[in-house]
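Input: a single structure, listed below in structure tokens.
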Amino acid sequence: MDIQHYMNTLGQSARKAARAMAKADTASKNRALELIAQAIRRDAALLTAANQKDLEQARSNGLAAAMIDRLTLSEKAIATMAEGLEQIASLPDPIGEISNMKYRPTGIQVGQMRVPLGVIGIIYEARPNVTVDAAGLCIKSGNATILRGGSEAIHCNQALATLVKEGLAGAGLPAEAVQIVETTDRAAVGALITMPEYVDVIVPRGGKSLIERLMKESKVPMIKHLDGICHVYIDDKADIAKALPVTYNAKCHRYGTCNTMETLLVARSLAATVLPELAKLFAEKQVELRCDPESLKILSGYAHLKAATQEDWRTEYLDAILAVKVVANVDEAIDHINTYSSQHTDSIITEDYTHAMRFLREVDSASVMVNASTRFADGFEYGLGAEIGISNDKLHARGPVGLDGLTSLKYVVLGHGEVRV
């Protein structure tokens with residue numbers, strides 16, 4: 001296969017479809033989402049069978065446990081995909097919305113209209129649910145998309161793409177509005193990120209090595225985050241009854257996600273009380289704790305214990321490993337987070353209003369929380385219907401990227417024959 005020619009063909013089709021999607025009415029877009037949801041429920045058994053092929057191949061290739069977890073499409077995950085599409089359909093359509101209209105002294109009115117970005121290229125690894133989430137958000141926001149899923153999920157992604165195209169066609173929208181790259185050749189990624197004439201934005205969802213490569217090679221703007229070094233800080237004014245379940249959930253709910261806690265900070269005044277209690281919970285999951293000297297001394301009897309190195313504070317483990325540090329107070333906690341965080345998601349456990357507000361204002365991350373697990377940093381949990389990715393950039397979109405993050409604004413001017421003098 002001539003990869004460049006193949007990708008150019010996809011790009012041309014996507015650009016044409018994007019023009020049709022930009023003027024599609026809300027009813028048609030919602031109808032497409034509803035039809036896709038119905039098809040997913042109808043063909044759940046077929047999707048499971050396709051996923052099993054991918055899982056068998058992944059296991060034979062020795063794929064890591066965290067990647068297997070991401071690749072697995074359970075019955076609940078299939079139901080969640082359909083539910084996510086229906087939630088997107090129920091959301092207000094942002095396209096065409098006019099805001100900030102103001103009269104100028106000249107008599108003209110100036111405001112802004114929300115419009116689609118155009119063609120969005122999405123590159124992701126081992127997560128078949130991303131195929132549906134991305135397709136749904138792009139459809140509702142009036143964009144076309146080219147999806148390049150990981151080779152690990154090729155069978156499931158192709159099955160899902162068939163259902164998406166069925167829903168688009170049933171709603172009278174171009175099937176080319178959502179296209180799956182059907183080759184597993186890595187050269188397709190290189191082509192996709194260097195086609196600014198066809199692709200307006202790249203959204204990568206994958207490991208650090210993938211994002212680093214794209215940052216070096218892409219000629220197309222990106223919405224991205226490099227890694228998820230997320231913190232929970234247990235403040236000296238924390239309610240321990242809240243701190244224990246929130247901290248345990250932030251680490252142990254799932255290891256292989258970007259919103260999983262990787263570093264635990266504990267105020268010195270509570271450390272001797274709360275750390276042994278947490279260690280009991282983490283022992284159930286055999287979580288290895290990499291501790292600073294102070295926490296190492298407190299937890300000396302814990303079975304899975306190592307001394308932390310400087311590198312542990314800046315590591316995304318995606319595994320049953322947790323860095324632990326005792327800090328003096330909220331000031332030291334904020335300083336540590338702003339030094340080592342990847343600006344993804346950080347949480348404070350406290351009953352002190354002033355400490356909570358300081359944490360919200362001063363921690364420089366895309367999502368900042370009070371008395372809640374970092375695992376909530378997710379488009380579905382935020383009420384966005386789904387997410388196309390999470391951004392820790394500061395321009396255009398930040399945090400979970402939903403419908404608004406896939407749009408832009410253009411200025412509109414309403415006049416009555418005014419001329420500039």
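Simple scheme: letters A, B, ... for chains in structure tokens order, numbers from 1 for residues in each chain, numbers from 1 for ligands in the order shown.
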
What are the closest atom pairs, with distances in Å to one decimal, for each residue of region 92-208 of chain A lying within 12 Å of region 364-379 of chain A, using only C-alpha atoms, rows by chain and rising residue number, as a tab-separated table?
```
residue	atom	partner	partner_atom	distance
A:Val130	CA	A:Gly379	CA	11.7
A:Asp133	CA	A:Gly379	CA	9.7
A:Ala134	CA	A:Gly379	CA	11.4
A:Leu137	CA	A:Gly379	CA	10.8
```

Q) Contacts of region 198-201 of chain A at 8 Å or less, counting only C-alpha atoms, minus same-chain residues fewer than 3 places along, as a list in words? A)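 Surrounding residues, per the criterion: Asn8, Gly11, Gln12, Ala14, Arg15, Leu117, Gly118, Val119, Ile120, Gly121, Leu192, Ile193, Met195, Val220, Pro221, Met222 and Ile223 of chain A.
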
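Every residue of region 130-304 of chain A with a DSSP assignment of strand (DSSP E), taken from the backbone, is listed as Ala144, Thr145, Ile146, Leu147, Arg148, Val178, Gln179, Ile180, Val201, Ile202, Val203, Pro204, Arg205, Cys230, His231, Val232, Tyr233, Ile234, Met261, Glu262, Thr263, Leu264, Leu265, Val266, Ala267, Glu288, Leu289, Arg290 and Cys291 of chain A.
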
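Residue neighbourhood of Ser295 (chain A), excluding near-sequence residues (fewer than 4 positions): Leu265, Val266, Arg268, Ala271, Ala272, Leu275, Pro276, Leu289, Arg290, Cys291, Leu299, Ser300, Ala307, Ala308, Val324, Lys325, Val326 and Val327 of chain A, at 10 Å, using only C-alpha atoms.
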
(Q) With only C-alpha atoms as the counted atoms, please give the residues lying no more than 8 Å from Phe359 (chain A), apart from itself and same-chain residues fewer than 2 positions off, as a count of residues only. (A) 10

Q: Using CA of Leu163 (chain A) and CA of Leu10 (chain A) as the two end points, give the distance in Å to one decimal.
A: 18.4 Å

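Relative to CA of Asp54 (chain A), CA of Asn143 (chain A) is found at 28.8 Å.
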
Q. Which is closest to Ile68 (chain A) among A:Ala126, A:Val181, A:Ala82, A:Ile139, if we use only C-alpha atoms?
A.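 Comparing A:Ala126, A:Val181, A:Ala82, A:Ile139 against Ile68 (chain A), the winner is A:Ala126.
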
Q. Of the residues A:Leu210, A:Ala58, A:Leu226, A:Ile95, which is the one nearest to Ala153 (chain A), using only C-alpha atoms?
A. A:Ala58

Determine which residues of region 204-405 of chain A receive a DSSP assignment of helix (DSSP H, G or I), computed from the backbone, and state them as a compact mmCIF listing (two decimals) with N, CA and C atoms, in the first residue's frame.
```txt
# COMPACT_ATOMS: atom_id res chain seq x y z
N LYS A 208 3.66 8.23 26.82
CA LYS A 208 4.56 9.38 26.77
C LYS A 208 5.43 9.37 25.51
N SER A 209 5.89 8.18 25.11
CA SER A 209 6.76 8.10 23.93
C SER A 209 6.04 8.54 22.67
N LEU A 210 4.73 8.17 22.56
CA LEU A 210 3.95 8.59 21.40
C LEU A 210 3.82 10.11 21.38
N ILE A 211 3.44 10.71 22.52
CA ILE A 211 3.23 12.15 22.57
C ILE A 211 4.53 12.89 22.27
N GLU A 212 5.63 12.41 22.81
CA GLU A 212 6.92 13.06 22.56
C GLU A 212 7.26 13.02 21.08
N ARG A 213 6.99 11.90 20.43
CA ARG A 213 7.25 11.80 19.00
C ARG A 213 6.41 12.80 18.21
N LEU A 214 5.13 12.87 18.56
CA LEU A 214 4.24 13.78 17.83
C LEU A 214 4.63 15.24 18.05
N MET A 215 5.06 15.57 19.26
CA MET A 215 5.47 16.94 19.54
C MET A 215 6.65 17.35 18.66
N LYS A 216 7.51 16.39 18.35
CA LYS A 216 8.68 16.67 17.52
C LYS A 216 8.33 16.75 16.04
N GLU A 217 7.41 15.90 15.59
CA GLU A 217 7.20 15.72 14.16
C GLU A 217 5.96 16.40 13.58
N ILE A 240 -10.11 12.34 58.45
CA ILE A 240 -9.50 11.06 58.09
C ILE A 240 -10.54 10.09 57.52
N ALA A 241 -11.78 10.21 57.97
CA ALA A 241 -12.84 9.34 57.44
C ALA A 241 -13.07 9.60 55.95
N LYS A 242 -12.75 10.80 55.46
CA LYS A 242 -12.82 11.10 54.03
C LYS A 242 -11.50 10.76 53.35
N ALA A 243 -10.41 11.03 54.05
CA ALA A 243 -9.09 10.87 53.43
C ALA A 243 -8.80 9.43 53.02
N LEU A 244 -9.17 8.46 53.87
CA LEU A 244 -8.84 7.07 53.59
C LEU A 244 -9.51 6.55 52.30
N PRO A 245 -10.85 6.65 52.16
CA PRO A 245 -11.46 6.11 50.94
C PRO A 245 -11.10 6.90 49.68
N VAL A 246 -10.96 8.23 49.80
CA VAL A 246 -10.63 9.04 48.62
C VAL A 246 -9.24 8.69 48.12
N THR A 247 -8.27 8.60 49.04
CA THR A 247 -6.90 8.30 48.64
C THR A 247 -6.78 6.89 48.08
N TYR A 248 -7.43 5.93 48.71
CA TYR A 248 -7.41 4.55 48.21
C TYR A 248 -8.00 4.48 46.81
N ASN A 249 -9.13 5.14 46.59
CA ASN A 249 -9.79 5.12 45.28
C ASN A 249 -8.91 5.79 44.22
N ALA A 250 -8.28 6.90 44.60
CA ALA A 250 -7.45 7.64 43.64
C ALA A 250 -6.32 6.78 43.10
N LYS A 251 -5.81 5.84 43.94
CA LYS A 251 -4.73 4.97 43.47
C LYS A 251 -5.21 3.63 42.95
N CYS A 252 -6.13 3.01 43.63
CA CYS A 252 -6.43 1.59 43.39
C CYS A 252 -7.65 1.32 42.52
N ARG A 268 2.56 16.71 58.06
CA ARG A 268 3.36 16.09 59.13
C ARG A 268 2.53 15.79 60.38
N SER A 269 1.63 16.70 60.76
CA SER A 269 0.87 16.52 62.00
C SER A 269 -0.06 15.31 61.96
N LEU A 270 -0.42 14.83 60.74
CA LEU A 270 -1.32 13.67 60.61
C LEU A 270 -0.60 12.42 60.13
N ALA A 271 0.65 12.54 59.71
CA ALA A 271 1.33 11.44 59.03
C ALA A 271 1.36 10.16 59.85
N ALA A 272 1.71 10.26 61.13
CA ALA A 272 1.84 9.05 61.96
C ALA A 272 0.50 8.36 62.18
N THR A 273 -0.58 9.12 62.04
CA THR A 273 -1.92 8.55 62.22
C THR A 273 -2.47 7.97 60.93
N VAL A 274 -2.37 8.73 59.83
CA VAL A 274 -3.05 8.33 58.60
C VAL A 274 -2.24 7.36 57.75
N LEU A 275 -0.93 7.47 57.73
CA LEU A 275 -0.14 6.61 56.84
C LEU A 275 -0.26 5.11 57.19
N PRO A 276 -0.20 4.70 58.46
CA PRO A 276 -0.39 3.27 58.76
C PRO A 276 -1.76 2.76 58.35
N GLU A 277 -2.79 3.59 58.49
CA GLU A 277 -4.14 3.18 58.08
C GLU A 277 -4.21 2.99 56.56
N LEU A 278 -3.59 3.91 55.84
CA LEU A 278 -3.56 3.77 54.38
C LEU A 278 -2.73 2.56 53.96
N ALA A 279 -1.64 2.32 54.66
CA ALA A 279 -0.79 1.18 54.33
C ALA A 279 -1.56 -0.13 54.42
N LYS A 280 -2.45 -0.24 55.39
CA LYS A 280 -3.29 -1.44 55.51
C LYS A 280 -4.16 -1.62 54.25
N LEU A 281 -4.72 -0.52 53.79
CA LEU A 281 -5.57 -0.59 52.58
C LEU A 281 -4.73 -0.93 51.35
N PHE A 282 -3.58 -0.28 51.21
CA PHE A 282 -2.74 -0.54 50.04
C PHE A 282 -2.17 -1.96 50.06
N ALA A 283 -1.99 -2.52 51.25
CA ALA A 283 -1.47 -3.89 51.36
C ALA A 283 -2.39 -4.89 50.68
N GLU A 284 -3.70 -4.61 50.72
CA GLU A 284 -4.67 -5.51 50.07
C GLU A 284 -4.40 -5.63 48.58
N PRO A 293 12.35 9.87 53.52
CA PRO A 293 12.86 9.35 54.80
C PRO A 293 11.85 9.40 55.94
N GLU A 294 11.03 10.44 56.01
CA GLU A 294 10.09 10.57 57.12
C GLU A 294 8.98 9.52 57.05
N SER A 295 8.38 9.35 55.88
CA SER A 295 7.32 8.34 55.74
C SER A 295 7.91 6.93 55.80
N LEU A 296 9.16 6.77 55.35
CA LEU A 296 9.82 5.47 55.42
C LEU A 296 9.95 5.01 56.87
N LYS A 297 10.26 5.94 57.75
CA LYS A 297 10.39 5.62 59.17
C LYS A 297 9.04 5.24 59.78
N ILE A 298 7.98 5.98 59.41
CA ILE A 298 6.64 5.72 59.95
C ILE A 298 6.14 4.35 59.50
N GLN A 310 14.77 10.92 43.72
CA GLN A 310 14.28 12.16 43.14
C GLN A 310 13.40 11.89 41.92
N GLU A 311 13.74 10.83 41.19
CA GLU A 311 13.00 10.50 39.98
C GLU A 311 11.57 10.07 40.27
N ASP A 312 11.31 9.52 41.46
CA ASP A 312 9.97 9.05 41.80
C ASP A 312 8.95 10.19 41.84
N TRP A 313 9.39 11.39 42.17
CA TRP A 313 8.45 12.52 42.24
C TRP A 313 7.96 12.95 40.86
N ARG A 314 8.68 12.56 39.82
CA ARG A 314 8.28 12.98 38.48
C ARG A 314 7.95 11.78 37.58
N VAL A 330 0.34 23.11 53.90
CA VAL A 330 -0.24 23.32 52.58
C VAL A 330 0.72 24.07 51.66
N ASP A 331 1.53 24.97 52.22
CA ASP A 331 2.50 25.71 51.40
C ASP A 331 3.50 24.75 50.74
N GLU A 332 4.04 23.84 51.55
CA GLU A 332 5.02 22.90 51.01
C GLU A 332 4.37 21.94 50.02
N ALA A 333 3.11 21.57 50.28
CA ALA A 333 2.39 20.69 49.36
C ALA A 333 2.20 21.35 48.01
N ILE A 334 1.74 22.60 48.02
CA ILE A 334 1.53 23.33 46.77
C ILE A 334 2.84 23.50 46.01
N ASP A 335 3.91 23.81 46.75
CA ASP A 335 5.21 23.99 46.11
C ASP A 335 5.68 22.69 45.46
N HIS A 336 5.50 21.56 46.16
CA HIS A 336 5.90 20.26 45.60
C HIS A 336 5.09 19.96 44.33
N ILE A 337 3.78 20.16 44.41
CA ILE A 337 2.92 19.85 43.26
C ILE A 337 3.30 20.71 42.06
N ASN A 338 3.46 22.00 42.26
CA ASN A 338 3.79 22.88 41.13
C ASN A 338 5.19 22.63 40.58
N THR A 339 6.04 21.97 41.38
CA THR A 339 7.37 21.61 40.90
C THR A 339 7.37 20.33 40.09
N TYR A 340 6.62 19.32 40.54
CA TYR A 340 6.71 17.98 39.94
C TYR A 340 5.46 17.54 39.17
N TYR A 353 -11.53 25.82 54.94
CA TYR A 353 -11.96 26.55 53.74
C TYR A 353 -10.82 27.34 53.12
N THR A 354 -10.03 28.01 53.97
CA THR A 354 -8.93 28.83 53.45
C THR A 354 -7.89 27.98 52.73
N HIS A 355 -7.55 26.83 53.31
CA HIS A 355 -6.60 25.92 52.67
C HIS A 355 -7.16 25.41 51.33
N ALA A 356 -8.43 25.07 51.33
CA ALA A 356 -9.06 24.57 50.10
C ALA A 356 -9.02 25.61 48.99
N MET A 357 -9.39 26.87 49.33
CA MET A 357 -9.41 27.92 48.32
C MET A 357 -8.01 28.26 47.83
N ARG A 358 -7.04 28.23 48.72
CA ARG A 358 -5.66 28.47 48.30
C ARG A 358 -5.21 27.38 47.33
N PHE A 359 -5.53 26.14 47.64
CA PHE A 359 -5.16 25.01 46.78
C PHE A 359 -5.78 25.17 45.40
N LEU A 360 -7.07 25.53 45.36
CA LEU A 360 -7.75 25.72 44.08
C LEU A 360 -7.12 26.83 43.26
N ARG A 361 -6.76 27.92 43.92
CA ARG A 361 -6.20 29.06 43.21
C ARG A 361 -4.74 28.84 42.80
N GLU A 362 -3.94 28.24 43.67
CA GLU A 362 -2.50 28.24 43.48
C GLU A 362 -1.93 27.01 42.78
N THR A 374 -9.04 11.84 42.39
CA THR A 374 -8.56 12.31 41.08
C THR A 374 -9.18 11.52 39.94
N ARG A 375 -9.71 10.34 40.22
CA ARG A 375 -10.32 9.51 39.17
C ARG A 375 -11.56 10.17 38.56
N PHE A 376 -12.08 11.22 39.17
CA PHE A 376 -13.22 11.92 38.59
C PHE A 376 -12.83 12.83 37.42
N ASP A 404 -17.28 21.84 23.61
CA ASP A 404 -16.74 23.20 23.45
C ASP A 404 -15.28 23.17 23.04
N GLY A 405 -14.53 22.19 23.55
CA GLY A 405 -13.11 22.10 23.20
C GLY A 405 -12.87 21.75 21.75
```

Q | Using only C-alpha atoms: which of A:Gly136, A:Gly142, A:Gly256, A:Pro116 has the shortest distance to Ala66 (chain A) | A |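 For Ala66 (chain A), the nearest of the given residues is A:Gly256.
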
Q.
Taking only C-alpha atoms into account, name the residue in A:Ser151, A:Ala303, A:Thr48, A:Arg127 that is nearest to Asn61 (chain A).
A.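 Nearest candidate to Asn61 (chain A) out of A:Ser151, A:Ala303, A:Thr48, A:Arg127: A:Ser151.
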
**Q.** Straight-line distance linking CA of Ala175 (chain A) with CA of Met81 (chain A), stated in Å to one decimal
**A.**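 About the pair CA of Ala175 (chain A) and CA of Met81 (chain A): they are 19.5 Å apart.
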
**Q.** Which of A:Val189, A:Met261, A:Ala144, A:Ala161 sits closest to Ala20 (chain A) [using only C-alpha atoms]
**A.** A:Ala144
